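input33.cif (mmCIF, C-alpha atoms and all ligand atoms) appears below.
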data_my_file
#
loop_
_atom_site.label_atom_id
_atom_site.label_comp_id
_atom_site.auth_asym_id
_atom_site.auth_seq_id
_atom_site.Cartn_x
_atom_site.Cartn_y
_atom_site.Cartn_z
CA MET A 1 10.08 -1.45 -19.69
CA ASN A 2 6.59 -0.03 -19.21
CA THR A 3 6.16 3.67 -18.55
CA LEU A 4 2.99 5.12 -17.05
CA LYS A 5 2.34 8.64 -15.89
CA VAL A 6 0.56 10.11 -12.90
CA GLU A 7 -1.01 13.24 -14.40
CA LEU A 8 -0.86 16.00 -11.80
CA GLY A 9 0.00 19.08 -13.85
CA SER A 10 3.40 20.47 -12.91
CA ARG A 11 3.79 17.67 -10.34
CA SER A 12 3.20 14.85 -12.84
CA TYR A 13 5.67 11.98 -12.65
CA PRO A 14 6.49 8.73 -14.42
CA ILE A 15 6.16 5.20 -13.08
CA LEU A 16 8.78 2.99 -14.70
CA ILE A 17 8.17 -0.76 -14.43
CA GLY A 18 10.71 -3.27 -15.64
CA ASP A 19 13.10 -6.10 -14.98
CA GLY A 20 16.57 -4.99 -13.82
CA LEU A 21 15.97 -1.22 -13.64
CA LEU A 22 18.24 -0.85 -10.60
CA ALA A 23 21.21 -1.99 -12.62
CA GLN A 24 20.57 0.62 -15.33
CA SER A 25 22.82 3.44 -14.18
CA GLU A 26 21.91 5.77 -17.08
CA LEU A 27 18.25 5.53 -16.11
CA LEU A 28 19.03 6.21 -12.45
CA ARG A 29 21.22 9.19 -13.25
CA GLN A 30 18.56 10.61 -15.55
CA HIS A 31 15.88 10.43 -12.87
CA VAL A 32 17.98 11.46 -9.88
CA PRO A 33 19.64 14.67 -11.03
CA ALA A 34 20.38 16.00 -7.50
CA HIS A 35 24.00 16.06 -6.37
CA ASP A 36 23.11 15.26 -2.76
CA ALA A 37 21.07 12.12 -2.24
CA LEU A 38 19.97 10.40 0.95
CA ILE A 39 19.05 6.75 0.52
CA VAL A 40 16.58 5.46 3.09
CA SER A 41 16.35 1.69 3.41
CA ASN A 42 16.17 -0.97 6.09
CA THR A 43 18.34 -3.72 7.52
CA THR A 44 16.79 -6.38 5.24
CA VAL A 45 16.71 -4.57 1.89
CA ALA A 46 19.97 -2.62 2.12
CA PRO A 47 22.21 -5.74 2.11
CA LEU A 48 20.37 -6.94 -1.01
CA TYR A 49 20.17 -3.85 -3.22
CA LEU A 50 21.99 -0.84 -1.74
CA ASP A 51 25.34 -1.53 -3.45
CA THR A 52 23.71 -1.76 -6.88
CA LEU A 53 21.91 1.53 -6.31
CA LEU A 54 25.05 3.27 -5.02
CA ALA A 55 27.05 2.04 -8.01
CA GLY A 56 24.41 3.33 -10.40
CA LEU A 57 24.27 6.79 -8.82
CA ARG A 58 27.98 7.59 -8.47
CA PRO A 59 29.60 10.15 -8.36
CA ARG A 60 26.95 11.92 -6.26
CA ARG A 61 27.32 12.76 -2.57
CA MET A 62 25.29 9.93 -1.13
CA VAL A 63 24.49 9.19 2.48
CA GLU A 64 22.38 6.44 3.95
CA ALA A 65 19.78 6.05 6.68
CA ILE A 66 19.29 2.34 7.34
CA LEU A 67 16.31 1.78 9.62
CA PRO A 68 15.13 -1.27 11.56
CA ASP A 69 12.76 -3.51 9.61
CA GLY A 70 9.04 -3.81 10.29
CA GLU A 71 5.69 -2.06 10.56
CA SER A 72 6.24 -1.46 14.29
CA HIS A 73 9.15 0.81 13.30
CA LYS A 74 6.99 3.07 11.12
CA THR A 75 7.23 5.80 13.74
CA LEU A 76 7.93 9.50 14.19
CA THR A 77 11.14 8.48 15.98
CA ASN A 78 12.47 6.89 12.80
CA VAL A 79 11.37 9.82 10.64
CA ALA A 80 13.31 12.03 13.09
CA ARG A 81 16.33 9.80 12.49
CA ILE A 82 16.07 10.41 8.75
CA LEU A 83 15.75 14.16 9.32
CA ASP A 84 18.79 14.07 11.66
CA VAL A 85 20.90 12.57 8.86
CA LEU A 86 19.74 15.26 6.42
CA VAL A 87 20.58 18.02 8.90
CA ALA A 88 23.90 16.46 9.99
CA ASN A 89 24.99 16.38 6.34
CA ARG A 90 23.79 19.95 5.71
CA PHE A 91 21.66 18.86 2.79
CA GLY A 92 19.92 21.77 1.09
CA ARG A 93 16.52 22.11 -0.56
CA ASP A 94 17.92 20.74 -3.80
CA CYS A 95 18.68 17.31 -2.32
CA THR A 96 16.76 14.13 -3.14
CA VAL A 97 15.58 11.46 -0.73
CA ILE A 98 15.48 7.96 -2.22
CA ALA A 99 13.26 5.29 -0.68
CA LEU A 100 14.65 1.80 -1.30
CA GLY A 101 12.33 -0.80 0.20
CA GLY A 102 8.72 -1.71 0.82
CA GLY A 103 5.83 0.47 1.89
CA VAL A 104 7.15 1.05 5.39
CA VAL A 105 10.40 2.58 4.12
CA GLY A 106 8.56 4.44 1.34
CA ASP A 107 5.99 6.00 3.67
CA MET A 108 8.66 7.17 6.14
CA ALA A 109 11.14 8.43 3.54
CA GLY A 110 8.34 10.29 1.76
CA PHE A 111 7.17 11.87 5.00
CA ALA A 112 10.72 12.96 5.89
CA ALA A 113 11.02 14.47 2.40
CA ALA A 114 7.70 16.27 2.89
CA CYS A 115 8.91 17.78 6.19
CA TYR A 116 12.56 18.59 5.50
CA GLN A 117 12.89 22.28 4.72
CA ARG A 118 9.13 22.22 4.01
CA GLY A 119 9.53 19.74 1.20
CA VAL A 120 12.33 18.25 -0.88
CA SER A 121 12.04 15.86 -3.78
CA TYR A 122 12.00 12.10 -3.34
CA VAL A 123 12.21 8.99 -5.49
CA GLN A 124 10.37 5.76 -4.81
CA ILE A 125 12.21 2.51 -5.52
CA PRO A 126 9.66 -0.04 -4.26
CA THR A 127 10.92 -3.57 -3.67
CA THR A 128 7.80 -5.43 -2.48
CA LEU A 129 4.80 -6.35 -4.60
CA LEU A 130 2.59 -4.29 -2.31
CA SER A 131 4.72 -1.19 -2.71
CA GLN A 132 5.05 -1.69 -6.48
CA VAL A 133 1.28 -1.92 -6.96
CA ASP A 134 0.17 0.60 -4.38
CA SER A 135 2.16 2.49 -1.76
CA SER A 136 4.88 3.97 -4.00
CA VAL A 137 2.27 5.70 -6.19
CA GLY A 138 0.06 8.58 -5.13
CA GLY A 139 2.03 10.55 -2.57
CA LYS A 140 0.51 9.37 0.70
CA THR A 141 3.32 9.46 3.25
CA GLY A 142 3.38 9.08 7.00
CA VAL A 143 3.72 6.99 10.11
CA ASN A 144 1.61 5.14 12.66
CA HIS A 145 0.66 6.50 16.09
CA PRO A 146 0.08 4.21 19.09
CA GLY A 147 -3.54 5.36 18.80
CA GLY A 148 -3.99 4.27 15.20
CA LYS A 149 -2.56 3.39 11.81
CA ASN A 150 -1.18 6.14 9.50
CA LEU A 151 -2.65 8.87 11.71
CA ILE A 152 0.27 11.23 11.06
CA GLY A 153 1.32 12.11 7.54
CA ALA A 154 1.28 14.36 4.52
CA PHE A 155 0.48 14.23 0.83
CA HIS A 156 3.78 14.61 -1.01
CA GLN A 157 4.24 13.19 -4.50
CA PRO A 158 7.49 11.51 -5.57
CA VAL A 159 9.31 12.74 -8.69
CA VAL A 160 9.56 9.23 -10.12
CA VAL A 161 8.66 5.65 -9.21
CA LEU A 162 11.16 3.01 -10.35
CA ALA A 163 9.66 -0.45 -9.90
CA ASP A 164 12.33 -3.05 -10.61
CA THR A 165 10.36 -6.30 -10.85
CA SER A 166 13.51 -8.42 -10.47
CA THR A 167 13.66 -7.40 -6.78
CA LEU A 168 10.57 -9.54 -6.21
CA ALA A 169 12.70 -12.67 -6.66
CA SER A 170 14.06 -12.24 -3.12
CA LEU A 171 10.70 -11.42 -1.57
CA PRO A 172 9.39 -14.03 0.92
CA ALA A 173 6.30 -15.88 -0.36
CA ARG A 174 4.16 -14.54 2.49
CA GLU A 175 5.00 -10.96 1.48
CA LEU A 176 4.13 -11.73 -2.15
CA ARG A 177 0.73 -13.02 -1.07
CA ALA A 178 0.17 -9.90 1.05
CA GLY A 179 0.80 -7.79 -2.06
CA LEU A 180 -1.74 -9.84 -3.99
CA ALA A 181 -4.44 -8.64 -1.59
CA GLU A 182 -3.95 -5.05 -2.82
CA VAL A 183 -3.99 -6.32 -6.41
CA ILE A 184 -7.32 -8.10 -5.84
CA LYS A 185 -8.58 -4.82 -4.34
CA TYR A 186 -8.21 -3.03 -7.70
CA GLY A 187 -10.33 -5.64 -9.46
CA LEU A 188 -13.02 -5.32 -6.81
CA ILE A 189 -13.06 -1.52 -6.93
CA CYS A 190 -13.40 -0.93 -10.64
CA ASP A 191 -12.30 -3.72 -12.97
CA ALA A 192 -14.30 -6.97 -13.07
CA THR A 193 -12.28 -8.14 -16.10
CA PHE A 194 -9.06 -7.79 -14.12
CA PHE A 195 -10.66 -9.71 -11.22
CA ALA A 196 -11.55 -12.54 -13.62
CA TRP A 197 -7.97 -12.45 -14.99
CA LEU A 198 -6.71 -12.89 -11.43
CA GLU A 199 -9.02 -15.87 -10.98
CA ALA A 200 -7.53 -17.42 -14.12
CA HIS A 201 -3.88 -16.66 -13.29
CA MET A 202 -3.60 -16.93 -9.51
CA ASP A 203 -1.40 -20.05 -9.68
CA GLU A 204 1.17 -18.30 -11.92
CA LEU A 205 1.19 -15.29 -9.61
CA LEU A 206 1.77 -17.44 -6.53
CA ALA A 207 4.61 -19.20 -8.35
CA GLY A 208 6.22 -15.78 -8.95
CA ASP A 209 5.86 -15.92 -12.73
CA PRO A 210 7.55 -12.68 -13.94
CA THR A 211 5.17 -12.13 -16.88
CA ALA A 212 2.06 -12.51 -14.73
CA LEU A 213 3.55 -10.27 -12.03
CA ALA A 214 4.53 -7.59 -14.55
CA HIS A 215 0.95 -7.61 -15.86
CA VAL A 216 -0.60 -7.09 -12.42
CA ILE A 217 1.89 -4.37 -11.49
CA ARG A 218 1.16 -2.47 -14.69
CA ARG A 219 -2.63 -2.80 -14.44
CA SER A 220 -2.65 -1.92 -10.71
CA CYS A 221 -0.49 1.17 -11.28
CA GLU A 222 -2.68 2.22 -14.23
CA ILE A 223 -5.78 2.08 -12.04
CA LYS A 224 -4.14 3.85 -9.12
CA ALA A 225 -2.57 6.55 -11.32
CA GLU A 226 -5.94 7.29 -12.90
CA ILE A 227 -7.72 7.57 -9.54
CA VAL A 228 -4.97 9.74 -8.01
CA ALA A 229 -5.00 12.05 -11.04
CA ARG A 230 -8.76 12.53 -10.54
CA ASP A 231 -8.64 13.01 -6.80
CA GLU A 232 -5.17 13.56 -5.36
CA ARG A 233 -6.31 14.65 -1.88
CA GLU A 234 -9.03 12.03 -1.35
CA GLN A 235 -12.01 14.34 -1.58
CA GLY A 236 -13.92 11.75 -3.60
CA ASP A 237 -13.02 8.67 -5.64
CA ARG A 238 -9.61 8.09 -4.02
CA ALA A 239 -11.41 6.94 -0.87
CA LEU A 240 -12.42 3.84 -2.88
CA LEU A 241 -8.80 2.72 -2.67
CA ASN A 242 -9.53 2.19 1.01
CA LEU A 243 -11.79 -0.78 0.25
CA GLY A 244 -11.23 -3.26 3.08
CA HIS A 245 -8.99 -0.83 4.97
CA THR A 246 -11.35 0.18 7.80
CA PHE A 247 -11.68 -3.49 8.76
CA GLY A 248 -8.03 -4.21 7.99
CA HIS A 249 -6.65 -1.34 10.06
CA ALA A 250 -8.70 -2.58 13.02
CA ILE A 251 -7.01 -6.00 12.66
CA GLU A 252 -3.54 -4.45 12.51
CA SER A 253 -4.20 -2.16 15.44
CA ALA A 254 -5.75 -4.93 17.59
CA THR A 255 -2.74 -7.16 17.00
CA GLY A 256 -0.11 -4.46 17.62
CA TYR A 257 1.12 -4.32 13.97
CA THR A 258 3.14 -7.47 14.57
CA GLN A 259 1.10 -10.61 13.83
CA TRP A 260 -0.63 -9.73 10.57
CA LEU A 261 1.12 -8.20 7.59
CA HIS A 262 -0.57 -5.06 6.28
CA GLY A 263 -1.60 -6.80 3.04
CA GLU A 264 -2.97 -9.79 4.95
CA ALA A 265 -5.12 -7.49 7.07
CA ILE A 266 -6.35 -5.76 3.90
CA GLY A 267 -7.14 -9.16 2.34
CA ALA A 268 -9.32 -10.12 5.32
CA GLY A 269 -10.80 -6.61 5.17
CA LEU A 270 -11.77 -7.14 1.51
CA LEU A 271 -13.75 -10.22 2.44
CA MET A 272 -15.38 -8.35 5.33
CA ALA A 273 -16.37 -5.59 2.89
CA ALA A 274 -17.87 -8.29 0.62
CA THR A 275 -19.73 -9.86 3.56
CA MET A 276 -21.04 -6.45 4.59
CA SER A 277 -22.11 -5.70 1.01
CA ARG A 278 -23.92 -9.04 0.93
CA GLU A 279 -25.54 -8.39 4.35
CA CYS A 280 -26.73 -5.00 3.05
CA GLY A 281 -28.39 -6.75 0.10
CA LEU A 282 -26.01 -5.14 -2.41
CA MET A 283 -23.70 -7.92 -3.53
CA THR A 284 -24.99 -11.36 -4.44
CA VAL A 285 -24.10 -14.38 -2.31
CA GLU A 286 -22.30 -15.84 -5.36
CA ALA A 287 -20.17 -12.73 -5.88
CA ALA A 288 -19.20 -12.62 -2.20
CA GLU A 289 -18.21 -16.30 -2.48
CA ARG A 290 -16.01 -15.50 -5.51
CA VAL A 291 -14.21 -12.94 -3.35
CA ARG A 292 -13.70 -15.51 -0.58
CA THR A 293 -12.49 -18.16 -3.03
CA LEU A 294 -9.93 -15.89 -4.68
CA LEU A 295 -8.54 -14.70 -1.34
CA GLU A 296 -8.33 -18.28 -0.09
CA ARG A 297 -6.59 -19.36 -3.29
CA ALA A 298 -4.06 -16.60 -2.65
CA ASN A 299 -3.53 -18.27 0.76
CA LEU A 300 -4.60 -15.16 2.59
CA PRO A 301 -6.16 -15.44 6.07
CA THR A 302 -9.84 -14.48 6.16
CA ARG A 303 -10.90 -14.48 9.81
CA ILE A 304 -9.46 -13.35 13.11
CA ASP A 305 -10.28 -15.41 16.20
CA ALA A 306 -8.18 -13.50 18.74
CA VAL A 307 -10.12 -10.22 18.54
CA GLN A 308 -13.71 -9.82 19.69
CA PRO A 309 -16.22 -8.08 17.36
CA GLU A 310 -16.84 -5.34 19.96
CA SER A 311 -13.13 -4.48 20.14
CA ALA A 312 -12.93 -4.43 16.34
CA LEU A 313 -15.82 -1.93 16.20
CA GLU A 314 -14.09 0.36 18.71
CA LEU A 315 -10.91 0.32 16.63
CA MET A 316 -12.86 1.00 13.43
CA ARG A 317 -14.09 4.25 15.03
CA ILE A 318 -10.52 5.67 14.95
CA ASP A 319 -10.53 5.45 11.14
CA LYS A 320 -9.80 8.64 9.17
CA LYS A 321 -13.07 8.17 7.26
CA VAL A 322 -15.23 8.64 10.38
CA GLN A 323 -17.45 11.70 9.94
CA GLY A 324 -19.72 13.06 12.67
CA GLY A 325 -19.12 9.90 14.69
CA ARG A 326 -20.37 7.65 11.85
CA ILE A 327 -17.98 5.14 10.28
CA ARG A 328 -18.05 5.52 6.50
CA LEU A 329 -17.43 2.28 4.65
CA VAL A 330 -16.41 1.39 1.12
CA LEU A 331 -18.87 -1.28 -0.04
CA MET A 332 -19.53 -3.04 -3.36
CA ARG A 333 -22.64 -3.26 -5.52
CA LYS A 334 -20.86 -6.02 -7.42
CA ILE A 335 -17.34 -7.10 -8.32
CA GLY A 336 -15.81 -4.09 -10.07
CA GLU A 337 -18.13 -1.46 -8.57
CA ALA A 338 -17.25 0.01 -5.18
CA PHE A 339 -18.73 3.10 -3.52
CA MET A 340 -18.45 4.91 -0.21
CA THR A 341 -21.40 5.17 2.15
CA ALA A 342 -22.36 6.01 5.72
CA ASP A 343 -25.89 4.81 5.04
CA TYR A 344 -25.96 1.18 6.12
CA SER A 345 -27.67 -0.87 8.77
CA THR A 346 -25.69 -1.21 12.00
CA ASP A 347 -27.21 -4.70 12.34
CA ALA A 348 -25.54 -5.66 9.06
CA LEU A 349 -22.21 -4.37 10.40
CA ASP A 350 -22.75 -6.28 13.62
CA ARG A 351 -23.43 -9.52 11.70
CA THR A 352 -20.37 -8.92 9.51
CA LEU A 353 -18.06 -8.42 12.49
CA ARG A 354 -19.48 -11.51 14.22
CA GLU A 355 -18.87 -13.57 11.09
CA HIS A 356 -15.19 -12.66 10.92
CA PHE A 357 -14.01 -11.74 14.44
CA GLY A 358 -13.93 -13.81 17.63
CA PRO A 359 -13.91 -17.58 18.02
CA ALA A 360 -15.48 -19.37 15.03
CA ARG A 361 -19.11 -20.42 15.64
CA GLU A 362 -20.73 -23.59 14.36
P1 LIG B 1 7.25 -3.67 4.31
O1 LIG B 1 7.77 -2.39 3.84
O2 LIG B 1 7.29 -3.93 5.78
O3 LIG B 1 8.00 -4.83 3.53
C1 LIG B 1 7.68 -6.16 3.84
C2 LIG B 1 8.92 -6.98 4.23
O4 LIG B 1 9.64 -7.33 3.06
C3 LIG B 1 9.89 -6.25 5.12
O5 LIG B 1 10.45 -7.16 6.03
C4 LIG B 1 10.95 -5.79 4.14
O6 LIG B 1 12.20 -5.55 4.75
C5 LIG B 1 11.01 -6.95 3.20
N1 LIG B 1 11.46 -6.68 1.85
C6 LIG B 1 11.19 -5.60 1.09
N2 LIG B 1 11.63 -5.78 -0.14
C7 LIG B 1 12.23 -6.98 -0.18
C8 LIG B 1 12.87 -7.74 -1.19
N3 LIG B 1 12.92 -7.30 -2.45
N4 LIG B 1 13.38 -8.93 -0.87
C9 LIG B 1 13.30 -9.41 0.40
N5 LIG B 1 12.66 -8.76 1.39
C10 LIG B 1 12.14 -7.56 1.10
O7 LIG B 1 5.72 -3.87 3.88
P2 LIG B 1 4.92 -3.56 2.53
O8 LIG B 1 3.92 -4.62 2.45
O9 LIG B 1 5.80 -3.30 1.41
O10 LIG B 1 4.19 -2.18 2.86
C11 LIG B 1 3.26 -2.07 3.91
C12 LIG B 1 3.20 -0.63 4.35
O11 LIG B 1 2.78 0.18 3.26
C13 LIG B 1 2.23 -0.38 5.47
O12 LIG B 1 2.83 0.44 6.44
C14 LIG B 1 1.09 0.35 4.82
O13 LIG B 1 0.41 1.21 5.67
C15 LIG B 1 1.79 1.10 3.74
N6 LIG B 1 0.95 1.45 2.59
C16 LIG B 1 0.99 2.73 2.17
C17 LIG B 1 0.25 3.12 1.09
C18 LIG B 1 0.36 4.51 0.56
O14 LIG B 1 -0.42 4.88 -0.32
N7 LIG B 1 1.33 5.29 1.02
C19 LIG B 1 -0.58 2.19 0.43
C20 LIG B 1 -0.60 0.88 0.89
C21 LIG B 1 0.17 0.53 1.98
N1 LIG B 2 -3.71 3.12 -0.53
C1 LIG B 2 -4.71 4.12 -0.56
C2 LIG B 2 -4.33 5.37 -1.28
O1 LIG B 2 -3.23 5.51 -1.73
O2 LIG B 2 -5.13 6.25 -1.39
#
Here is a file; write its structure as structure tokens.
Ligand code: NAD
Ligand code: GLY
Amino acid sequence: MNTLKVELGSRSYPILIGDGLLAQSELLRQHVPAHDALIVSNTTVAPLYLDTLLAGLRPRRMVEAILPDGESHKTLTNVARILDVLVANRFGRDCTVIALGGGVVGDMAGFAAACYQRGVSYVQIPTTLLSQVDSSVGGKTGVNHPGGKNLIGAFHQPVVVLADTSTLASLPARELRAGLAEVIKYGLICDATFFAWLEAHMDELLAGDPTALAHVIRRSCEIKAEIVARDEREQGDRALLNLGHTFGHAIESATGYTQWLHGEAIGAGLLMAATMSRECGLMTVEAAERVRTLLERANLPTRIDAVQPESALELMRIDKKVQGGRIRLVLMRKIGEAFMTADYSTDALDRTLREHFGPARE
């Protein structure tokens, strides 16, 4: 087992990464001391892992909130359902909410924990690659609004993240690939060596090789933990973790959160950020091609025919990084060096959107 730490003073917490953690009842009992625990999961994950978790946590008072599966269910209505269960069971401030599932479950359970009685503790048990490398760490919680992605939420840190890598064995291949997009993101932001490692080991990752996956989960969590410790509330460096997200959120929003997986949209967004960086004269043509090649090798989609560039631009304006009407973008000087800027040519953005959105041109 690997143990990392998110250093946030009195709110610091461990990230435990290992094979078979869910079956280790001593470990679970140690990290979930509360007597009253609400487990939040969904209709896909609960049948796979809920019994193991319940067995490991007995003899606590445990109740469950099993939500419908999918990004389109990441709503205030479902957070209200979680809160209803907490109230109906008269859970007090000393209860713990446990998120068992991917990023959708984790974001909603964390938000409910942030709201209930002005904040109770919660545990992240991420079961997708994406949630093990990204969403379970850092305390961003929340839901989507019909007007935009993740527009409603709160910062609320978990007390522990338990990433059981054996749960990835049941993950559909498409979901694994979507998680790889967020992994590639870390290399692009700040670690060119890690990016090169991904180029060398992409085939093992796609084949679900446990050693290769454990390596990328550990390295991704290390990078994220370090950035969150420096800038918990996204006043500075944490915004770099949004590389590709302004483009990606526009894809998700334009397609109603149903056709593209979040990680797929972020993957396409990473390439758009590379194209934009190239169009701005920052990144070399060769480096932008390396980004394209790695995303394509991960079998991630890289263009979106069904949405026009003009519509994409409108959706990008709803992004949380817009300041004074100007869309701020995370761009790259090179692989491993990202930065945030509002100082770019709108022509370059226009060319970027035309390259990736709308029917392909000859
Ligand atoms: P997800 O939660 O929808 O999970 C993907 C699918 O895999 C779902 O159908 C789920 O039921 C299924 N699944 C989960 N674990 C499984 C397993 N072990 N075996 C079989 N099936 C399993 O999606 P995701 O990619 O995990 O997360 C995406 C969400 O995370 C988005 O809403 C995104 O906004 C959010 N996110 C949040 C942060 C953050 O910092 N809070 C960061 C990145 C992404
Ligand atoms: N996924 C972006 C962040 O956690 O800040």
Residues within 12 Å of Cys95 of chain A, please, as a PyMOL selection string. Count only C-alpha atoms; anything in the same chain fewer than 4 positions from it doesn't count. chain A and resi 32-39+60-63+86-87+89-91+113+116-117+119-123
Collect all residues with atoms no farther than 8 Å from ligand LIG 1 (chain B), counting only C-alpha atoms and all ligand atoms, and output them as a ChimeraX atom specification. /A:42-45,48,69-71,74,101-107,126-131,134-144,149-150,167-172,175,178-179,182,261-263
Hey, can I get the axis-aligned box for segment 117-132 of chain A? All listed atoms, 3 Å padding on each side, centre and edge lengths in Å to one decimal, as AutoDock Vina command-line options.
--center_x 7.7 --center_y 8.0 --center_z -0.9 --size_x 16.3 --size_y 34.6 --size_z 17.2
Need to verify the contact set: Asp203 of chain A, 12 Å, all atoms listed in the file, exclusion of same-chain residues closer than 2 positions in sequence. Can you return it as a ChimeraX atom specification? /A:177,180,197-201,205-209,212-213,294,296-299
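Relative to atom CA of Arg218 of chain A, atom CA of Glu204 of chain A is found at 16.1 Å.
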The distance between atom CA of Ser166 of chain A and atom CA of Asp19 of chain A is 5.1 Å
Distance query Ile266 of chain A at most 9 Å, only C-alpha atoms, self and fewer than 3 positions along chain excluded, as a PyMOL selection string: chain A and resi 178+181-182+185+243-249+251+261-263+269-271
I need the residue nearest ligand LIG 2 (chain B) from this list: A:Pro301, A:Gly324, A:Gly236, A:Gly281. Use all atoms listed in the file for the distance.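 Nearest to ligand LIG 2 (chain B): A:Gly236.
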Restricting to only C-alpha atoms, whichever of A:Leu76, A:Ala99, A:Leu50, A:Thr165 is closest to Gly20 of chain A is A:Thr165
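Non-sequential neighbours of Gln308 of chain A (distance at most 9 Å, separation of 4 or more positions within a chain, only C-alpha atoms) are Ile304, Ala312, Leu313, Leu353, Arg354, Phe357, Gly358 and Pro359 of chain A.
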In Å, how far is it from atom CA of Ile335 of chain A to atom CA of Ala173 of chain A?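 Answer for the atom CA of Ile335 of chain A to atom CA of Ala173 of chain A separation: 26.4 Å.
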Spatial neighbours of Arg233 of chain A, 10 Å, only C-alpha atoms, chain gap at least 2 places, as a PyMOL selection string: chain A and resi 138-140+154-155+228-231+235-239
Residue nearest Thr284 of chain A - candidates A:Met332, A:Ala360, A:Ala214, A:Leu241, atoms counted: all atoms listed in the file: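 That would be A:Met332, the residue with the smallest distance to Thr284 of chain A.
Between Ile184 of chain A and the residues A:Ser72, A:Thr293, A:Thr341, A:Thr3, the shortest atom-to-atom distance, using all atoms listed in the file, involves A:Thr293.
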Ranking A:Lys321, A:Arg81, A:Arg219, A:Lys224 by minimum distance to ligand LIG 2 (chain B) and counting all atoms listed in the file, which one comes first?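 Among A:Lys321, A:Arg81, A:Arg219, A:Lys224, it is A:Lys224 that comes nearest to ligand LIG 2 (chain B).
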Among listed residues A:Val307, A:Leu315, A:Val79, A:Ile223, nearest ligand LIG 2 (chain B) (using all atoms listed in the file):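 Nearest to ligand LIG 2 (chain B): A:Ile223.
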Distance cut-off 12 Å, centre (14.4, 1.8, -13.6) in file coordinates, counting all atoms listed in the file: which residues qualify? Return them as number ranges by chain. A: 1-3, 14-32, 53, 56, 123-127, 160-167
Expected file: the selected residues, C-alpha atoms, as a PDB file, keeping the file's coordinate frame:
ATOM      1  CA  MET A   1      10.080  -1.450 -19.690  1.00  0.00           C
ATOM      2  CA  ASN A   2       6.590  -0.030 -19.210  1.00  0.00           C
ATOM      3  CA  THR A   3       6.160   3.670 -18.550  1.00  0.00           C
ATOM      4  CA  PRO A  14       6.490   8.730 -14.420  1.00  0.00           C
ATOM      5  CA  ILE A  15       6.160   5.200 -13.080  1.00  0.00           C
ATOM      6  CA  LEU A  16       8.780   2.990 -14.700  1.00  0.00           C
ATOM      7  CA  ILE A  17       8.170  -0.760 -14.430  1.00  0.00           C
ATOM      8  CA  GLY A  18      10.710  -3.270 -15.640  1.00  0.00           C
ATOM      9  CA  ASP A  19      13.100  -6.100 -14.980  1.00  0.00           C
ATOM     10  CA  GLY A  20      16.570  -4.990 -13.820  1.00  0.00           C
ATOM     11  CA  LEU A  21      15.970  -1.220 -13.640  1.00  0.00           C
ATOM     12  CA  LEU A  22      18.240  -0.850 -10.600  1.00  0.00           C
ATOM     13  CA  ALA A  23      21.210  -1.990 -12.620  1.00  0.00           C
ATOM     14  CA  GLN A  24      20.570   0.620 -15.330  1.00  0.00           C
ATOM     15  CA  SER A  25      22.820   3.440 -14.180  1.00  0.00           C
ATOM     16  CA  GLU A  26      21.910   5.770 -17.080  1.00  0.00           C
ATOM     17  CA  LEU A  27      18.250   5.530 -16.110  1.00  0.00           C
ATOM     18  CA  LEU A  28      19.030   6.210 -12.450  1.00  0.00           C
ATOM     19  CA  ARG A  29      21.220   9.190 -13.250  1.00  0.00           C
ATOM     20  CA  GLN A  30      18.560  10.610 -15.550  1.00  0.00           C
ATOM     21  CA  HIS A  31      15.880  10.430 -12.870  1.00  0.00           C
ATOM     22  CA  VAL A  32      17.980  11.460  -9.880  1.00  0.00           C
ATOM     23  CA  LEU A  53      21.910   1.530  -6.310  1.00  0.00           C
ATOM     24  CA  GLY A  56      24.410   3.330 -10.400  1.00  0.00           C
ATOM     25  CA  VAL A 123      12.210   8.990  -5.490  1.00  0.00           C
ATOM     26  CA  GLN A 124      10.370   5.760  -4.810  1.00  0.00           C
ATOM     27  CA  ILE A 125      12.210   2.510  -5.520  1.00  0.00           C
ATOM     28  CA  PRO A 126       9.660  -0.040  -4.260  1.00  0.00           C
ATOM     29  CA  THR A 127      10.920  -3.570  -3.670  1.00  0.00           C
ATOM     30  CA  VAL A 160       9.560   9.230 -10.120  1.00  0.00           C
ATOM     31  CA  VAL A 161       8.660   5.650  -9.210  1.00  0.00           C
ATOM     32  CA  LEU A 162      11.160   3.010 -10.350  1.00  0.00           C
ATOM     33  CA  ALA A 163       9.660  -0.450  -9.900  1.00  0.00           C
ATOM     34  CA  ASP A 164      12.330  -3.050 -10.610  1.00  0.00           C
ATOM     35  CA  THR A 165      10.360  -6.300 -10.850  1.00  0.00           C
ATOM     36  CA  SER A 166      13.510  -8.420 -10.470  1.00  0.00           C
ATOM     37  CA  THR A 167      13.660  -7.400  -6.780  1.00  0.00           C
TER      38      THR A 167
END
